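Below is input.txt, which holds compact mmCIF, C-alpha atoms.
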# COMPACT_ATOMS: atom_id res chain seq x y z
CA MET A 11 92.13 71.39 131.78
CA SER A 12 88.83 71.00 129.91
CA LEU A 13 87.77 73.29 127.05
CA PHE A 14 85.07 74.78 129.30
CA ALA A 15 87.61 75.61 132.00
CA PHE A 16 90.13 76.92 129.45
CA LEU A 17 87.66 79.33 127.82
CA GLY A 18 86.41 80.48 131.22
CA THR A 19 89.96 81.10 132.40
CA LEU A 20 90.76 82.95 129.19
CA GLU A 21 87.73 85.19 129.70
CA ILE A 22 88.68 86.01 133.29
CA GLY A 23 92.25 86.67 132.15
CA LEU A 24 90.96 89.23 129.64
CA VAL A 25 88.70 90.82 132.25
CA TYR A 26 91.66 91.21 134.60
CA GLY A 27 93.62 92.54 131.62
CA LEU A 28 91.77 95.82 132.25
CA VAL A 29 93.06 95.74 135.82
CA ALA A 30 96.54 95.14 134.44
CA LEU A 31 96.15 98.20 132.19
CA GLY A 32 95.18 100.28 135.23
CA VAL A 33 98.08 99.00 137.31
CA TYR A 34 100.45 99.62 134.40
CA LEU A 35 99.34 103.26 134.23
CA THR A 36 99.97 103.88 137.92
CA PHE A 37 103.00 101.73 138.69
CA ARG A 38 104.88 101.94 135.39
CA VAL A 39 103.77 105.23 133.84
CA LEU A 40 103.14 107.46 136.88
CA ASP A 41 105.39 105.60 139.33
CA PHE A 42 102.56 105.84 141.86
CA PRO A 43 102.06 102.83 144.18
CA ASP A 44 98.27 102.64 144.14
CA LEU A 45 96.32 100.10 146.18
CA THR A 46 92.99 101.78 145.42
CA VAL A 47 92.24 99.00 142.91
CA ASP A 48 91.28 96.64 145.74
CA GLY A 49 88.38 99.02 146.43
CA SER A 50 87.53 100.34 142.95
CA PHE A 51 87.23 96.82 141.48
CA PRO A 52 84.40 95.64 143.75
CA MET A 53 82.86 99.12 143.61
CA GLY A 54 82.59 98.84 139.83
CA GLY A 55 80.82 95.51 140.27
CA ALA A 56 78.59 96.84 143.06
CA VAL A 57 77.46 99.89 141.09
CA ALA A 58 76.84 97.91 137.90
CA ALA A 59 74.90 95.18 139.72
CA THR A 60 72.79 97.62 141.73
CA ALA A 61 71.97 99.69 138.66
CA ILE A 62 71.06 96.64 136.56
CA VAL A 63 68.78 95.25 139.28
CA ALA A 64 67.14 98.69 139.47
CA GLY A 65 66.32 98.47 135.77
CA VAL A 66 69.12 100.59 134.31
CA ASN A 67 70.44 99.64 130.87
CA PRO A 68 73.49 97.33 131.35
CA TRP A 69 75.72 99.49 129.13
CA LEU A 70 74.80 102.60 131.10
CA ALA A 71 75.34 100.67 134.33
CA THR A 72 78.80 99.70 133.09
CA ALA A 73 79.56 103.33 132.24
CA MET A 74 78.49 104.26 135.78
CA ALA A 75 80.94 101.67 137.11
CA VAL A 76 83.75 103.27 135.10
CA LEU A 77 82.79 106.66 136.52
CA VAL A 78 82.79 105.57 140.17
CA GLY A 79 86.10 103.80 139.64
CA ALA A 80 87.53 107.06 138.29
CA ILE A 81 86.14 108.91 141.33
CA CYS A 82 87.97 106.47 143.62
CA GLY A 83 91.18 107.36 141.80
CA LEU A 84 90.45 111.07 142.14
CA VAL A 85 89.95 110.67 145.90
CA THR A 86 93.33 108.98 146.22
CA ALA A 87 94.94 111.69 144.08
CA PHE A 88 93.34 114.39 146.22
CA LEU A 89 94.67 112.85 149.43
CA ALA A 90 98.14 112.52 147.93
CA VAL A 91 98.40 115.82 146.02
CA ARG A 92 96.32 118.29 148.02
CA CYS A 93 96.62 116.77 151.48
CA GLY A 94 100.23 115.67 151.15
CA ILE A 95 99.56 112.14 152.40
CA LEU A 96 102.06 109.44 151.43
CA HIS A 97 100.95 107.88 148.13
CA LEU A 98 100.70 104.35 149.48
CA LEU A 99 98.82 105.44 152.59
CA ALA A 100 96.42 107.62 150.57
CA SER A 101 95.45 104.65 148.41
CA ILE A 102 95.02 102.41 151.45
CA LEU A 103 92.66 104.94 153.04
CA THR A 104 90.53 105.06 149.88
CA MET A 105 90.54 101.27 149.63
CA ILE A 106 89.35 100.87 153.24
CA ALA A 107 86.60 103.48 152.82
CA ALA A 108 85.44 101.81 149.58
CA PHE A 109 84.66 98.56 151.42
CA SER A 110 81.98 100.21 153.56
CA ILE A 111 80.70 102.27 150.64
CA ASN A 112 80.26 99.13 148.55
CA ILE A 113 78.02 97.61 151.22
CA ARG A 114 76.05 100.85 151.32
CA ILE A 115 75.63 100.78 147.52
CA MET A 116 74.28 97.23 147.43
CA GLY A 117 72.61 97.30 150.81
CA ARG A 118 74.18 93.91 151.53
CA PRO A 119 77.57 92.19 151.18
CA ASN A 120 76.68 90.64 147.80
CA MET A 121 74.08 90.84 145.05
CA ALA A 122 73.02 88.23 142.48
CA LEU A 123 72.40 89.03 138.82
CA LEU A 124 70.81 85.71 137.87
CA GLY A 125 68.03 86.33 135.38
CA GLU A 126 68.95 90.00 134.98
CA PRO A 127 69.98 91.45 131.59
CA THR A 128 73.67 92.19 131.12
CA ILE A 129 75.81 93.51 128.28
CA PHE A 130 76.22 89.88 127.22
CA THR A 131 72.49 89.15 126.94
CA PRO A 132 71.95 90.45 123.36
CA PHE A 133 74.83 88.30 122.13
CA ASP A 134 73.55 85.22 123.98
CA ASN A 135 70.27 85.65 122.06
CA LEU A 136 72.11 85.24 118.75
CA GLY A 137 72.22 81.50 119.30
CA LEU A 138 75.92 81.34 120.16
CA ASP A 139 77.24 79.40 123.11
CA SER A 140 77.54 81.79 126.06
CA LEU A 141 81.19 80.85 126.54
CA TYR A 142 82.11 82.04 123.06
CA SER A 143 79.82 85.09 123.05
CA HIS A 144 81.10 86.30 126.44
CA LEU A 145 84.69 85.74 125.38
CA GLY A 146 84.14 87.65 122.13
CA VAL A 147 82.53 90.65 123.85
CA VAL A 148 85.24 90.86 126.51
CA PHE A 149 87.98 90.50 123.88
CA PHE A 150 86.56 93.38 121.84
CA LEU A 151 86.22 95.66 124.90
CA VAL A 152 89.76 94.90 126.07
CA LEU A 153 91.11 95.43 122.55
CA PHE A 154 89.37 98.80 122.32
CA SER A 155 90.72 99.79 125.77
CA ALA A 156 94.25 98.76 124.80
CA PHE A 157 94.04 100.78 121.57
CA PHE A 158 92.85 103.80 123.56
CA VAL A 159 95.77 103.55 126.00
CA VAL A 160 98.32 103.18 123.20
CA ARG A 161 96.92 106.20 121.35
CA LEU A 162 96.79 108.25 124.54
CA LEU A 163 100.34 107.50 125.67
CA SER A 164 101.64 108.11 122.14
CA SER A 165 100.18 111.63 122.06
CA ASP A 166 101.81 114.83 123.34
CA PHE A 167 99.57 114.69 126.40
CA GLY A 168 100.59 111.09 126.99
CA LEU A 169 104.24 112.06 126.70
CA ALA A 170 103.75 114.61 129.48
CA LEU A 171 101.91 111.97 131.52
CA ARG A 172 104.80 109.55 131.12
CA ALA A 173 107.32 112.26 131.91
CA THR A 174 105.51 112.94 135.20
CA GLY A 175 106.40 109.48 136.41
CA VAL A 176 110.01 109.80 135.28
CA ASN A 177 110.99 113.34 136.25
CA GLU A 178 108.46 115.59 137.96
CA ARG A 179 110.88 118.51 138.17
CA MET A 180 111.37 118.55 134.42
CA VAL A 181 107.61 118.57 133.82
CA ALA A 182 107.16 121.41 136.31
CA ALA A 183 110.02 123.34 134.67
CA GLN A 184 108.24 123.02 131.32
CA GLY A 185 105.10 124.54 132.82
CA GLY A 186 103.22 121.27 133.28
CA SER A 187 100.96 120.57 136.26
CA ILE A 188 102.13 117.55 138.22
CA GLY A 189 98.88 117.53 140.18
CA PHE A 190 96.71 117.52 137.06
CA TYR A 191 98.57 114.61 135.47
CA THR A 192 98.39 112.68 138.75
CA TYR A 193 94.63 113.27 139.00
CA PHE A 194 94.11 112.22 135.41
CA GLY A 195 96.34 109.15 135.61
CA LEU A 196 94.75 107.79 138.78
CA ALA A 197 91.23 108.50 137.51
CA LEU A 198 91.93 106.72 134.22
CA SER A 199 93.63 103.80 135.96
CA ASN A 200 90.82 103.17 138.41
CA GLY A 201 88.25 103.80 135.69
CA PHE A 202 89.67 100.76 133.90
CA VAL A 203 89.59 98.81 137.16
CA GLY A 204 85.95 99.79 137.77
CA PHE A 205 85.21 98.70 134.19
CA SER A 206 86.84 95.36 134.92
CA GLY A 207 84.79 94.98 138.11
CA ALA A 208 81.57 95.61 136.18
CA LEU A 209 82.47 93.02 133.53
CA PHE A 210 83.46 90.52 136.23
CA ALA A 211 80.14 90.95 138.04
CA GLN A 212 78.08 90.58 134.85
CA SER A 213 80.12 87.63 133.61
CA ASN A 214 79.79 85.75 136.90
CA SER A 215 76.23 86.95 137.64
CA PHE A 216 77.05 88.36 141.07
CA ALA A 217 78.80 91.22 142.83
CA ASP A 218 80.53 90.82 146.17
CA VAL A 219 82.36 93.26 148.43
CA THR A 220 85.22 90.78 148.90
CA SER A 221 85.83 90.31 145.17
CA GLY A 222 88.51 92.99 145.24
CA VAL A 223 90.73 91.26 147.80
CA GLY A 224 94.11 90.65 146.19
CA THR A 225 93.23 92.50 142.97
CA ILE A 226 96.37 94.62 143.19
CA VAL A 227 98.49 91.46 143.46
CA VAL A 228 96.85 90.03 140.35
CA GLY A 229 97.43 93.28 138.50
CA LEU A 230 101.07 93.44 139.54
CA ALA A 231 101.57 89.80 138.63
CA ALA A 232 100.17 90.47 135.15
CA VAL A 233 102.38 93.54 134.61
CA ILE A 234 105.57 91.94 135.90
CA LEU A 235 105.01 88.57 134.24
CA GLY A 236 103.99 90.11 130.94
CA GLN A 237 106.86 92.57 130.70
CA THR A 238 109.32 89.88 131.76
CA LEU A 239 108.23 87.50 129.01
CA ILE A 240 107.60 90.22 126.39
CA PRO A 241 110.21 92.95 126.97
CA GLY A 242 110.15 96.07 124.83
CA ARG A 243 110.35 99.84 125.04
CA ARG A 244 107.52 100.61 122.63
CA ILE A 245 104.19 101.51 124.19
CA TRP A 246 102.11 99.05 122.20
CA VAL A 247 104.48 96.25 123.17
CA ALA A 248 104.14 97.13 126.85
CA VAL A 249 100.33 97.28 126.63
CA VAL A 250 100.12 93.96 124.81
CA ALA A 251 102.57 92.49 127.34
CA VAL A 252 100.51 93.38 130.42
CA ILE A 253 97.30 91.99 128.89
CA ALA A 254 99.13 88.84 127.81
CA GLY A 255 100.59 88.63 131.31
CA SER A 256 97.09 88.69 132.80
CA ILE A 257 95.98 85.87 130.53
CA LEU A 258 99.10 83.79 131.17
CA TYR A 259 98.79 84.33 134.90
CA ARG A 260 95.20 83.10 134.97
CA LEU A 261 96.07 80.14 132.76
CA ALA A 262 99.02 79.22 134.98
CA VAL A 263 96.90 79.42 138.11
CA GLY A 264 94.03 77.53 136.48
CA PHE A 265 96.33 74.80 135.23
CA ALA A 266 98.07 74.41 138.59
CA LEU A 267 94.81 74.17 140.51
CA SER A 268 92.89 72.03 138.00
CA THR A 269 95.61 69.41 137.67
CA GLY A 270 96.35 69.34 141.39
CA MET A 271 100.02 70.01 140.64
CA PHE A 272 102.11 69.54 143.80
CA GLY A 273 98.88 68.80 145.66
CA MET A 274 97.49 72.29 145.01
CA GLN A 275 93.88 73.05 145.95
CA ALA A 276 91.55 75.99 145.28
CA SER A 277 92.42 77.37 148.72
CA ASP A 278 96.05 77.69 147.58
CA LEU A 279 95.25 80.47 145.07
CA ASN A 280 97.11 83.15 147.01
CA LEU A 281 100.11 80.87 147.46
CA VAL A 282 100.26 80.20 143.71
CA THR A 283 99.97 83.94 143.05
CA ALA A 284 102.83 84.75 145.41
CA VAL A 285 105.06 82.10 143.82
CA LEU A 286 104.33 83.32 140.28
CA VAL A 287 105.02 86.96 141.22
CA ALA A 288 108.25 85.97 142.96
CA ILE A 289 109.38 84.03 139.88
CA ALA A 290 108.51 86.96 137.63
CA LEU A 291 110.55 89.31 139.84
CA ILE A 292 113.54 87.00 140.10
CA ALA A 293 113.65 86.03 136.40
CA PRO A 294 114.96 89.37 135.04
CA LYS A 295 117.74 89.47 137.63
CA MET A 296 118.77 85.91 136.89
CA LYS A 297 118.74 86.67 133.17
CA GLY A 298 120.98 89.70 133.78
CA ARG A 299 123.45 87.64 135.83
CA ILE A 300 123.60 84.95 133.17
CA ARG A 301 124.32 87.54 130.47
CA LEU A 302 126.98 89.16 132.64
CA LYS A 303 128.71 85.83 133.25
CA ALA A 304 128.52 85.02 129.54
CA ALA A 305 130.09 88.38 128.68
CA LYS A 306 132.93 87.87 131.16
CA GLY A 307 133.51 84.28 130.16

Can you turn what I pasted into structure tokens?
Amino acid sequence: MSLFAFLGTLEIGLVYGLVALGVYLTFRVLDFPDLTVDGSFPMGGAVAATAIVAGVNPWLATAMAVLVGAICGLVTAFLAVRCGILHLLASILTMIAAFSINIRIMGRPNMALLGEPTIFTPFDNLGLDSLYSHLGVVFFLVLFSAFFVVRLLSSDFGLALRATGVNERMVAAQGGSIGFYTYFGLALSNGFVGFSGALFAQSNSFADVTSGVGTIVVGLAAVILGQTLIPGRRIWVAVVAVIAGSILYRLAVGFALSTGMFGMQASDLNLVTAVLVAIALIAPKMKGRIRLKAAKG
């Protein structure tokens, strides 16, 4: 893998690290199977791209992307909490609706950002190579997001949020609102995903309605792979693990496809993803069996 490809893969891994943070909040913290991310990711990109082309400041456009991502999460939470729809089905309904809404937002299936200002533009004007400047900006934004999540989950409010995913009855018995924590958790999760979609669109200079296909699988792969390789009960360890998992996942995929390992081609991306997720799921069980045999022997 060339340096150009490595830095590009590292940047995309960090961008999807925000998706991993969102998936971690829903699947690990809230225990809520949420497929909304496949819709909120391209929606974040669509809103940011449309706003930027319309002349809106790129940072404000990115904030708008975060907001619409959060709204997607709120819609899913409403369907699940107020309407009593099965969590998985509620998220699927939102994801399907988001596809049509994204086309409405852009007025077409995709939108180019070539020649348009982005959040990276001021840093490109400093004379740095765009690869390094983009990587630095994304790294800082992901680091800030990770710090925010760690601080939030370490607070009393975060403790209640975590308890909601572990034991809803206990939270209700303590006077907490299960519905409120579900609304907040899904909004925050998909806000991060919308943020990721906006960064992805600006980094690649285009937004596309199909860019969200398989996003949930990438997020799950990052969470599972990261927490398998970096186990730990502390919150900051878990947050670092899921971001590291996103980076490692992208590097593994990039390496496999760039070297043509086992005859792999770009069209085999989903196959590589499935294999990596399967390995990440099987690894902890195999490790447990090995330890059990060692203890008996």

Study note, to complete from the structure: The residue from A:Ile292, A:Ile300, A:Leu17, A:Val66 with the smallest atom-to-atom distance to Ser143 of chain A, counting only C-alpha atoms, is A:Leu17

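Candidate residues A:Ala254, A:Asp48, A:Leu28, A:Tyr191 were compared for distance to Ala107 of chain A, and the nearest is A:Asp48, using only C-alpha atoms.
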
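As for atom CA of Gly201 of chain A and atom CA of Ile234 of chain A, they are spaced 21.0 Å apart.
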
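Counting all atoms listed in the file, Leu169 of chain A has the following residues at most 12 Å away, ignoring those fewer than 3 positions along the same chain: Val39, Leu40, Val160, Arg161, Leu162, Leu163, Ser164, Ser165, Asp166, Arg172, Ala173, Thr174, Gly175, Val176, Asn177, Val181, Gly186, Tyr191 and Ile245 of chain A.
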
Study note, to complete from the structure: Among A:Asp134, A:Leu45, A:Leu98, A:Gln237, Ser256 of chain A is approached most closely, using all atoms listed in the file, by A:Gln237

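Shortest separation to Val233 of chain A among A:Ala183, A:Trp69, A:Ile22, A:Leu291 occurs at residue A:Leu291, atoms counted being only C-alpha atoms.
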
Practice item. Point out the residue among A:Ala15, A:Leu24, A:Cys82, A:Leu258 with the least atom-to-atom distance to Phe109 of chain A, counting only C-alpha atoms. Key: A:Cys82

Counting only C-alpha atoms, what are the residues of segment 168-281 of chain A within 9 Å of segment 55-62 of chain A, and for each of them which pair of atoms is the nearest and at what distance in Å, to one decimal? Sort the table by chain and rising number, as JSON lines.
{"residue": "A:Gly204", "atom": "CA", "partner": "A:Gly55", "partner_atom": "CA", "distance": 7.1}
{"residue": "A:Phe205", "atom": "CA", "partner": "A:Gly55", "partner_atom": "CA", "distance": 8.1}
{"residue": "A:Ser206", "atom": "CA", "partner": "A:Gly55", "partner_atom": "CA", "distance": 8.1}
{"residue": "A:Gly207", "atom": "CA", "partner": "A:Gly55", "partner_atom": "CA", "distance": 4.6}
{"residue": "A:Ala208", "atom": "CA", "partner": "A:Gly55", "partner_atom": "CA", "distance": 4.2}
{"residue": "A:Leu209", "atom": "CA", "partner": "A:Gly55", "partner_atom": "CA", "distance": 7.4}
{"residue": "A:Phe210", "atom": "CA", "partner": "A:Gly55", "partner_atom": "CA", "distance": 6.9}
{"residue": "A:Ala211", "atom": "CA", "partner": "A:Gly55", "partner_atom": "CA", "distance": 5.1}
{"residue": "A:Gln212", "atom": "CA", "partner": "A:Ala59", "partner_atom": "CA", "distance": 7.4}
{"residue": "A:Ser215", "atom": "CA", "partner": "A:Ala59", "partner_atom": "CA", "distance": 8.6}
{"residue": "A:Phe216", "atom": "CA", "partner": "A:Ala59", "partner_atom": "CA", "distance": 7.3}
{"residue": "A:Ala217", "atom": "CA", "partner": "A:Gly55", "partner_atom": "CA", "distance": 5.4}
{"residue": "A:Asp218", "atom": "CA", "partner": "A:Ala56", "partner_atom": "CA", "distance": 7.0}
{"residue": "A:Val219", "atom": "CA", "partner": "A:Ala56", "partner_atom": "CA", "distance": 7.5}
{"residue": "A:Ser221", "atom": "CA", "partner": "A:Gly55", "partner_atom": "CA", "distance": 8.7}

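Shortest separation to Leu103 of chain A among A:Val282, A:Val247, A:Ala90, A:Val203 occurs at residue A:Ala90, atoms counted being all atoms listed in the file.
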
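Going from atom CA of Ala248 of chain A over to atom CA of Gly236 of chain A, you cover 8.1 Å.
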
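Between atom CA of Gly195 of chain A and atom CA of Gly168 of chain A there is a distance of 9.8 Å.
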
Exercise for review: Find the residues around segment 259-263 of chain A up to 8 Å (only C-alpha atoms counted), leave out those fewer than 3 positions away in its own chain, and share them as a ChimeraX atom specification.
Suggested key: /A:16,19-20,22-23,231-232,235,255-256,266-267,279,282-283,286
